[in-house]
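Listing of data-v6.cif, mmCIF, C-alpha atoms
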```
data_start
#
loop_
_atom_site.label_atom_id
_atom_site.label_comp_id
_atom_site.auth_asym_id
_atom_site.auth_seq_id
_atom_site.Cartn_x
_atom_site.Cartn_y
_atom_site.Cartn_z
CA MET A 1 -10.02 -21.55 -1.74
CA ILE A 2 -7.72 -24.55 -1.53
CA GLY A 3 -5.54 -22.99 -4.21
CA ALA A 4 -5.41 -19.68 -2.37
CA ALA A 5 -4.51 -21.40 0.89
CA SER A 6 -1.83 -23.49 -0.80
CA GLY A 7 -0.31 -20.45 -2.47
CA THR A 8 -0.32 -18.47 0.75
CA ILE A 9 1.31 -21.29 2.73
CA ALA A 10 3.95 -21.65 0.02
CA ALA A 11 4.66 -17.91 0.17
CA ILE A 12 4.95 -17.96 3.95
CA ASN A 13 7.37 -20.86 3.65
CA GLY A 14 9.65 -18.78 1.48
CA GLN A 15 8.56 -19.44 -2.08
CA THR A 16 8.36 -16.45 -4.39
CA PRO A 17 4.96 -15.51 -5.87
CA SER A 18 5.96 -17.01 -9.23
CA GLY A 19 7.04 -20.17 -7.44
CA CYS A 20 3.52 -20.58 -6.09
CA ASN A 21 2.10 -20.56 -9.61
CA SER A 22 2.20 -24.31 -10.21
CA ILE A 23 0.42 -24.92 -6.91
CA VAL A 24 -2.53 -22.66 -7.54
CA GLN A 25 -3.00 -23.41 -11.25
CA ARG A 26 -4.10 -26.94 -10.38
CA HIS A 27 -7.14 -25.56 -8.61
CA LYS A 28 -7.99 -22.55 -10.75
CA THR A 29 -9.36 -24.33 -13.82
CA THR A 30 -11.84 -26.34 -11.77
CA SER A 31 -12.96 -23.24 -9.88
CA ILE A 32 -13.57 -21.26 -13.07
CA SER A 33 -15.62 -24.12 -14.49
CA LEU A 34 -17.81 -24.15 -11.37
CA ILE A 35 -18.25 -20.38 -11.51
CA ASN A 36 -19.32 -20.48 -15.15
CA ARG A 37 -22.07 -22.93 -14.22
CA LYS A 38 -23.20 -20.68 -11.36
CA LEU A 39 -23.42 -17.68 -13.66
CA GLN A 40 -26.31 -19.31 -15.50
CA ASN A 41 -28.81 -17.85 -13.02
CA VAL A 42 -28.83 -14.61 -11.05
CA GLN A 43 -29.36 -16.16 -7.62
CA ASP A 44 -26.29 -18.38 -7.86
CA ALA A 45 -24.28 -15.72 -9.67
CA THR A 46 -24.78 -13.17 -6.89
CA SER A 47 -24.30 -15.59 -4.00
CA LEU A 48 -21.64 -14.92 -1.40
CA SER A 49 -19.76 -18.10 -2.35
CA THR A 50 -19.51 -16.97 -5.98
CA VAL A 51 -18.19 -13.55 -4.97
CA ILE A 52 -15.61 -15.10 -2.64
CA THR A 53 -14.43 -17.55 -5.29
CA ILE A 54 -13.98 -14.85 -7.92
CA VAL A 55 -12.13 -12.63 -5.44
CA LEU A 56 -9.75 -15.47 -4.59
CA ILE A 57 -9.10 -16.28 -8.25
CA LEU A 58 -8.56 -12.59 -8.95
CA ALA A 59 -6.14 -12.35 -6.03
CA LEU A 60 -4.17 -15.29 -7.41
CA GLU A 61 -4.02 -13.69 -10.84
CA MET A 62 -2.85 -10.39 -9.35
CA VAL A 63 -0.33 -11.73 -6.86
CA VAL A 64 1.10 -14.86 -8.43
CA ASP A 65 1.70 -13.86 -12.05
CA PRO A 66 -0.30 -10.96 -13.53
CA ASN A 67 1.79 -10.97 -16.71
CA ARG A 68 1.16 -14.62 -17.58
CA ASP A 69 -2.35 -13.85 -18.79
CA PRO A 70 -2.87 -10.05 -18.74
CA ASP A 71 -6.50 -10.32 -19.82
CA ALA A 72 -7.52 -12.76 -17.09
CA ALA A 73 -7.54 -10.25 -14.23
CA ASN A 74 -9.36 -7.74 -16.41
CA ILE A 75 -12.08 -10.31 -17.19
CA HIS A 76 -12.46 -11.29 -13.54
CA LEU A 77 -12.63 -7.63 -12.45
CA ALA A 78 -15.31 -6.84 -15.01
CA GLY A 79 -17.34 -9.90 -14.04
CA LEU A 80 -17.02 -9.15 -10.35
CA ARG A 81 -18.11 -5.57 -10.85
CA ASN A 82 -21.21 -6.77 -12.72
CA ILE A 83 -22.05 -9.17 -9.90
CA ILE A 84 -21.63 -6.43 -7.28
CA GLY A 85 -23.94 -4.29 -9.40
CA LEU A 86 -26.55 -7.05 -9.55
CA ARG A 87 -26.36 -7.31 -5.75
CA GLY A 88 -27.08 -3.60 -5.48
CA GLY A 89 -23.66 -2.67 -4.14
CA TYR A 90 -21.47 -3.81 -1.27
CA ASP A 91 -24.29 -4.20 1.26
CA GLY A 92 -24.46 -7.69 2.69
CA LEU A 93 -20.80 -8.45 2.06
CA PRO A 94 -18.38 -8.79 4.99
CA MET A 95 -16.05 -5.81 5.26
CA SER A 96 -13.02 -8.11 5.04
CA LEU A 97 -14.27 -9.28 1.64
CA VAL A 98 -14.99 -5.73 0.48
CA GLN A 99 -11.43 -4.83 1.46
CA TRP A 100 -10.07 -7.57 -0.78
CA ILE A 101 -12.29 -6.52 -3.67
CA ILE A 102 -11.18 -2.89 -3.43
CA PHE A 103 -7.56 -3.84 -2.93
CA GLN A 104 -7.51 -6.04 -6.03
CA ASP A 105 -8.98 -3.13 -7.97
CA PHE A 106 -6.28 -0.91 -6.43
CA SER A 107 -3.52 -3.38 -7.38
CA TYR A 108 -4.78 -3.76 -10.95
CA ALA A 109 -4.89 0.02 -11.35
CA VAL A 110 -1.34 0.31 -9.99
CA ILE A 111 0.05 -2.39 -12.28
CA HIS A 112 -1.75 -1.23 -15.42
CA ARG A 113 -1.80 2.50 -14.54
CA THR A 114 -5.54 2.83 -14.91
CA PHE A 115 -8.33 4.39 -12.90
CA PRO A 116 -10.19 2.25 -10.34
CA ARG A 117 -12.88 0.06 -11.85
CA PHE A 118 -15.07 -0.20 -8.76
CA PRO A 119 -17.07 2.69 -7.32
CA ILE A 120 -15.85 4.32 -4.15
CA ILE A 121 -17.33 2.71 -1.07
CA PRO A 122 -20.02 4.86 0.60
CA ARG A 123 -19.25 6.50 3.93
CA LYS A 124 -20.45 4.77 7.06
CA SER A 125 -22.76 6.52 9.49
CA PRO A 126 -20.77 8.52 12.06
CA LEU A 127 -20.03 6.80 15.33
CA SER A 128 -21.99 7.91 18.36
CA GLY A 129 -20.53 10.81 20.30
CA ALA A 130 -19.45 8.68 23.24
CA LYS A 131 -17.81 6.04 21.03
CA TYR A 132 -16.05 8.63 18.92
CA ARG A 133 -14.67 10.48 21.94
CA ALA A 134 -13.39 7.27 23.51
CA ILE A 135 -11.73 6.14 20.28
CA SER A 136 -10.34 9.61 19.54
CA LYS A 137 -8.63 9.70 22.92
CA ARG A 138 -6.97 6.35 22.28
CA VAL A 139 -6.07 7.20 18.68
CA ASN A 140 -4.60 10.59 19.58
CA LEU A 141 -2.31 8.91 22.08
CA GLU A 142 -1.20 6.43 19.43
CA LEU A 143 -0.73 9.06 16.72
CA GLY A 144 2.14 10.77 18.51
CA SER A 145 4.49 11.81 15.72
CA LEU A 146 2.86 9.54 13.12
CA SER A 147 2.70 11.43 9.80
CA SER A 148 3.41 14.66 11.69
CA GLU A 149 6.03 15.74 9.14
CA ILE A 150 4.16 15.09 5.89
CA LEU A 151 1.07 16.81 7.36
CA SER A 152 3.06 19.76 8.73
CA SER A 153 2.93 23.34 7.48
CA ARG A 154 6.22 22.67 5.72
CA TYR A 155 4.80 20.04 3.37
CA VAL A 156 1.04 20.64 3.13
CA PRO A 157 1.36 23.67 0.79
CA LEU A 158 3.26 21.41 -1.63
CA LEU A 159 0.55 18.74 -1.66
CA ASP A 160 -2.74 18.52 -3.50
CA PRO A 161 -5.66 19.18 -1.10
CA THR A 162 -7.31 15.87 -1.99
CA GLN A 163 -4.14 14.04 -1.03
CA VAL A 164 -3.78 15.95 2.22
CA ASP A 165 -7.23 14.62 3.11
CA ALA A 166 -6.28 11.09 2.04
CA TYR A 167 -2.98 11.15 3.96
CA THR A 168 -4.77 12.44 7.06
CA GLU A 169 -7.33 9.64 6.85
CA LEU A 170 -4.63 7.00 6.35
CA SER A 171 -2.78 8.33 9.38
CA ILE A 172 -5.89 8.17 11.57
CA VAL A 173 -6.71 4.61 10.50
CA ILE A 174 -3.14 3.43 11.08
CA ALA A 175 -3.20 4.95 14.56
CA PHE A 176 -6.55 3.30 15.28
CA ARG A 177 -5.35 -0.11 14.13
CA GLU A 178 -2.09 0.10 16.04
CA SER A 179 -3.92 1.21 19.19
CA CYS A 180 -6.02 -1.96 18.95
CA ILE A 181 -3.11 -4.40 18.78
CA GLY A 182 -3.35 -6.76 21.74
CA ASP A 183 -6.52 -5.10 23.08
CA GLN A 184 -9.54 -5.82 20.90
CA SER A 185 -11.87 -7.05 23.63
CA GLU A 186 -13.97 -3.89 23.65
CA LEU A 187 -14.07 -3.33 19.89
CA GLU A 188 -17.38 -3.56 18.08
CA LEU A 189 -17.91 -4.41 14.42
CA VAL A 190 -19.39 -0.99 13.73
CA GLU A 191 -16.13 0.62 14.90
CA THR A 192 -13.78 -1.49 12.80
CA ASP A 193 -16.06 -1.16 9.76
CA TYR A 194 -16.11 2.61 10.20
CA PHE A 195 -12.31 2.90 10.09
CA ASP A 196 -11.92 0.25 7.38
CA THR A 197 -14.26 2.31 5.21
CA ILE A 198 -12.11 5.41 5.74
CA TRP A 199 -9.06 3.38 4.69
CA LEU A 200 -10.75 2.11 1.51
CA ARG A 201 -11.95 5.57 0.53
CA ALA A 202 -8.41 6.90 0.99
CA GLN A 203 -7.08 4.09 -1.23
CA HIS A 204 -9.54 5.09 -3.95
CA SER A 205 -8.39 8.70 -3.70
CA LEU A 206 -4.70 7.72 -3.93
CA ILE A 207 -5.02 5.67 -7.10
CA SER A 208 -7.46 8.05 -8.80
CA PHE A 209 -5.02 10.88 -8.17
CA SER A 210 -2.05 8.86 -9.39
CA SER A 211 -3.84 7.86 -12.59
CA SER A 212 -4.71 11.47 -13.41
CA ASN A 213 -1.18 12.86 -12.96
CA MET A 214 -0.73 13.51 -16.69
CA PHE A 215 -3.40 16.21 -16.47
CA ARG A 216 -1.66 18.17 -13.69
CA GLN A 217 1.64 19.78 -12.83
CA ASP A 218 2.38 18.66 -9.29
CA SER A 219 5.24 19.71 -7.04
CA ASP A 220 8.27 17.44 -6.82
CA VAL A 221 7.24 16.53 -3.27
CA GLN A 222 3.77 15.50 -4.43
CA ASN A 223 5.21 13.50 -7.32
CA ILE A 224 7.28 11.45 -4.88
CA CYS A 225 4.39 10.97 -2.46
CA ARG A 226 2.11 10.04 -5.37
CA ILE A 227 4.17 6.86 -5.75
CA VAL A 228 5.48 6.08 -2.28
CA VAL A 229 2.27 6.49 -0.26
CA PRO A 230 0.45 3.89 -2.43
CA MET A 231 3.56 1.72 -2.03
CA PHE A 232 3.11 1.99 1.74
CA VAL A 233 -0.53 0.93 1.34
CA VAL A 234 0.51 -2.10 -0.74
CA GLN A 235 3.15 -3.10 1.81
CA THR A 236 0.73 -2.69 4.69
CA GLN A 237 -2.15 -4.55 3.05
CA LEU A 238 -0.19 -7.31 1.32
CA ILE A 239 2.47 -8.03 3.91
CA THR A 240 2.67 -11.76 3.03
CA TYR A 241 3.77 -10.98 -0.53
CA ARG A 242 6.14 -8.10 0.13
CA HIS A 243 7.59 -8.18 -3.38
CA SER A 244 4.25 -8.16 -5.16
CA PRO A 245 3.73 -7.18 -8.81
CA ALA A 246 1.99 -4.02 -7.61
CA ALA A 247 5.05 -3.06 -5.55
CA GLU A 248 7.28 -3.81 -8.54
CA SER A 249 5.17 -1.56 -10.76
CA LEU A 250 5.38 1.26 -8.22
CA LYS A 251 9.16 0.84 -8.10
CA ASP A 252 9.29 1.31 -11.87
CA GLN A 253 7.06 4.37 -11.61
CA PHE A 254 9.30 5.78 -8.90
CA LEU A 255 12.31 5.42 -11.19
CA GLU A 256 10.43 7.31 -13.91
CA VAL A 257 9.55 10.10 -11.48
CA ILE A 258 13.02 10.64 -10.02
CA ALA A 259 14.56 10.64 -13.51
CA SER A 260 12.83 13.97 -14.12
CA LEU A 261 13.62 15.56 -10.75
CA ASP A 262 16.55 17.54 -9.38
CA LEU A 263 17.54 15.03 -6.71
CA GLN A 264 20.38 17.14 -5.36
CA LYS A 265 17.98 19.99 -4.67
CA LEU A 266 15.44 17.66 -3.08
CA TRP A 267 18.08 16.13 -0.81
CA GLU A 268 19.16 19.62 0.19
CA HIS A 269 15.69 20.86 1.11
CA PHE A 270 13.72 17.69 1.94
CA HIS A 271 16.20 15.05 3.05
CA GLU A 272 13.69 13.51 5.49
CA LEU A 273 11.22 12.87 2.68
CA MET A 274 13.96 11.42 0.50
CA VAL A 275 15.23 9.04 3.19
CA TRP A 276 11.70 7.75 3.78
CA ALA A 277 10.92 7.44 0.06
CA PHE A 278 14.10 5.67 -1.00
CA MET A 279 14.03 3.32 1.98
CA PHE A 280 10.43 2.34 1.26
CA VAL A 281 11.19 1.67 -2.39
CA CYS A 282 14.23 -0.32 -1.30
CA HIS A 283 12.03 -2.33 1.08
CA SER A 284 9.83 -3.28 -1.88
CA CYS A 285 12.65 -4.42 -4.17
CA ARG A 286 13.06 -8.09 -4.94
CA GLU A 287 16.40 -7.77 -6.74
CA GLN A 288 19.47 -7.21 -4.57
CA ALA A 289 21.03 -4.97 -7.23
CA TRP A 290 18.18 -2.47 -6.99
CA ARG A 291 18.28 -2.60 -3.22
CA GLU A 292 21.98 -1.75 -3.23
CA ARG A 293 21.44 1.06 -5.72
CA PHE A 294 18.72 2.70 -3.64
CA LEU A 295 20.66 2.33 -0.39
CA LEU A 296 23.71 3.92 -1.99
CA GLU A 297 21.53 6.87 -3.02
CA VAL A 298 20.31 7.14 0.58
CA ALA A 299 23.89 7.08 1.87
CA LYS A 300 25.00 9.76 -0.59
CA GLY A 301 21.96 11.96 -0.16
CA GLY A 302 21.90 11.73 3.61
CA GLN A 303 25.65 12.18 4.03
CA GLY A 304 26.32 14.90 6.57
CA ARG A 305 22.62 15.14 7.43
CA MET A 306 22.10 11.84 9.25
CA LYS A 307 24.06 9.83 11.82
CA TRP A 308 22.12 6.68 10.85
CA GLU A 309 21.34 5.70 14.41
CA TRP A 310 18.16 3.61 14.35
CA GLN A 311 16.16 5.74 16.79
CA GLU A 312 16.92 8.83 14.73
CA VAL A 313 15.86 7.11 11.50
CA ARG A 314 12.78 5.55 13.10
CA LYS A 315 11.58 8.95 14.32
CA LEU A 316 12.06 10.35 10.82
CA LEU A 317 10.10 7.48 9.23
CA LEU A 318 7.19 7.88 11.65
CA GLY A 319 6.88 11.48 10.49
CA PHE A 320 5.68 10.10 7.15
CA PHE A 321 4.12 6.64 6.79
CA PHE A 322 5.70 3.73 8.60
CA VAL A 323 4.47 0.93 10.88
CA ASP A 324 7.24 -0.36 13.11
CA ARG A 325 5.44 -3.64 13.76
CA LEU A 326 5.28 -4.44 10.03
CA HIS A 327 8.32 -2.73 8.54
CA GLY A 328 10.73 -2.14 11.42
CA LYS A 329 12.90 -5.25 11.07
CA ASP A 330 13.91 -4.65 7.46
CA PHE A 331 14.21 -0.89 7.86
CA ARG A 332 16.52 -1.33 10.82
CA LYS A 333 18.64 -3.67 8.71
CA MET A 334 18.70 -1.06 5.93
CA CYS A 335 19.78 1.56 8.45
CA GLU A 336 22.76 -0.60 9.41
CA GLU A 337 23.64 -1.15 5.74
CA VAL A 338 23.51 2.57 5.02
CA ARG A 339 25.74 3.28 8.02
CA LEU A 340 28.34 0.91 6.53
CA LEU A 341 27.98 2.57 3.13
CA ASP A 342 28.29 6.02 4.66
CA SER A 343 32.00 5.60 5.46
CA PRO A 344 33.11 4.91 1.85
CA VAL A 345 30.93 7.81 0.70
CA LYS A 346 32.71 10.15 3.11
CA ALA A 347 36.07 8.81 1.95
CA GLU A 348 35.20 9.58 -1.69
CA MET A 349 34.34 13.14 -0.74
#
```
Translate this file's structure into structure tokens.
Amino acid sequence: MIGAASGTIAAINGQTPSGCNSIVQRHKTTSISLINRKLQNVQDATSLSTVITIVLILALEMVVDPNRDPDAANIHLAGLRNIIGLRGGYDGLPMSLVQWIIFQDFSYAVIHRTFPRFPIIPRKSPLSGAKYRAISKRVNLELGSLSSEILSSRYVPLLDPTQVDAYTELSIVIAFRESCIGDQSELELVETDYFDTIWLRAQHSLISFSSSNMFRQDSDVQNICRIVVPMFVVQTQLITYRHSPAAESLKDQFLEVIASLDLQKLWEHFHELMVWAFMFVCHSCREQAWRERFLLEVAKGGQGRMKWEWQEVRKLLLGFFFVDRLHGKDFRKMCEEVRLLDSPVKAEM
């Protein structure tokens, strides 16, 4: 835990994930030694403290440097899954811990392009009628235009039905969470757990779908969303480490996808989708060269279709997946950069 805290503080203070490596490695060896001793009997092996320690070590492996020891995360995931099995499932674990377990599985699957290792979390019992109506009223007000474009009649026919369900659930959970900002006094644990479970089930659907893409022939729109929606999930869940290895892997997968697409045709027919997708990938890029390349593509593709005023772009982004509170600052900066790039693009034409 000390290692995790040290690494997180270092990241917040501006160090890159790889720069945190020396800090956390000092604590990891001791922790693994203690865990190995605990694994000698079932009671200690399945204790909450053991689960938490393994999750933290796994998080450090996944976030700090997953390529330094590729087998380490795999070993920790397998061991953690066995322990969860011995416990009889996720029951008895705090939802915040379950979220981290599922997210590490999600990140590993993204980086290594595999299926999820952990079983999908069971649905929670429905909320009571009165609770659900009260929350629905608040959520519907918050939804507004959130995801209204990607879930519109224009896009839904181009999406896989399982992903339409997942995108709808993500949208509802985002709206619920944003509606709770600054006003959590009346929230109950059963309510937050209910929506967190929906979020985790949607995550499982996203990565399972992405990993099975070789067996399907998806539309170009779905191929783009297959990469960028999980990227949104990574950026929303792992906001401290914006340039995480999972985000980097998704950037590489995005490059592979667009290499096989007719980008000119997509810009012509779905420029809103393309602006959102390229800006989100740009947001995830660590290297300035990639950022400039993606922004130039946005400027070229959006030329004549966008004025690049922030309110216009913000409205477009909200039609897909975007949280102003988390992403707005950098996206607004990108909007200004694209506006500057737009003039030379016009001059070339």
Problem - Between CA of Asp218 in chain A and CA of Ala166 in chain A - distance in Å to one decimal - result: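 CA of Asp218 in chain A lies 16.1 Å from CA of Ala166 in chain A.
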Problem - the PyMOL selection byres ((chain A and resi 51) around 10) resolved against shown file, as a ChimeraX atom specification - result: /A:35,44-50,52-56,79-81,83-84,93,97,101
Practice task
Decode the PyMOL selection byres ((chain A and resi 158) around 7) for the given file into explicit residues and return them as a ChimeraX atom specification.
Solution key: /A:155-157,159-160,219,221-222
Practice task
Would you translate the PyMOL selection byres ((chain A and resi 272) around 10) into the concrete set of residues it matches in this file, as a PyMOL selection string?
Solution key: chain A and resi 149-150+266-271+273-277+302+305-306+313+316-317+319-320
Go ahead and dump the residues you just picked, C-alpha atoms, as a short mmCIF file (atom, residue, chain, number, x, y, z; two decimals), keeping the file's coordinate frame.
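What ended up in again-v1.cif:
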```
data_model
loop_
_atom_site.label_atom_id
_atom_site.label_comp_id
_atom_site.auth_asym_id
_atom_site.auth_seq_id
_atom_site.Cartn_x
_atom_site.Cartn_y
_atom_site.Cartn_z
CA GLU A 149 6.03 15.74 9.14
CA ILE A 150 4.16 15.09 5.89
CA LEU A 266 15.44 17.66 -3.08
CA TRP A 267 18.08 16.13 -0.81
CA GLU A 268 19.16 19.62 0.19
CA HIS A 269 15.69 20.86 1.11
CA PHE A 270 13.72 17.69 1.94
CA HIS A 271 16.20 15.05 3.05
CA LEU A 273 11.22 12.87 2.68
CA MET A 274 13.96 11.42 0.50
CA VAL A 275 15.23 9.04 3.19
CA TRP A 276 11.70 7.75 3.78
CA ALA A 277 10.92 7.44 0.06
CA GLY A 302 21.90 11.73 3.61
CA ARG A 305 22.62 15.14 7.43
CA MET A 306 22.10 11.84 9.25
CA VAL A 313 15.86 7.11 11.50
CA LEU A 316 12.06 10.35 10.82
CA LEU A 317 10.10 7.48 9.23
CA GLY A 319 6.88 11.48 10.49
CA PHE A 320 5.68 10.10 7.15
#
```
Exercise for the section: Excluding Tyr167 in chain A and any residue of its chain fewer than 4 positions from it, enumerate the residues within 9 Å of it, using all atoms listed in the file, and give them as a ChimeraX atom specification. Expected result: /A:147,150-151,162-163,171-172,202,206,229,321
Practice task
Could you tell me which of A:Glu336, A:Glu248, A:Glu292, A:Asp262 comes closest to Trp308 in chain A if we count only C-alpha atoms?
Solution key: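 Ranked by minimum distance to Trp308 in chain A, first place goes to A:Glu336.
Counting from CA of Glu191 in chain A, the distance to CA of Trp100 in chain A is 18.7 Å.
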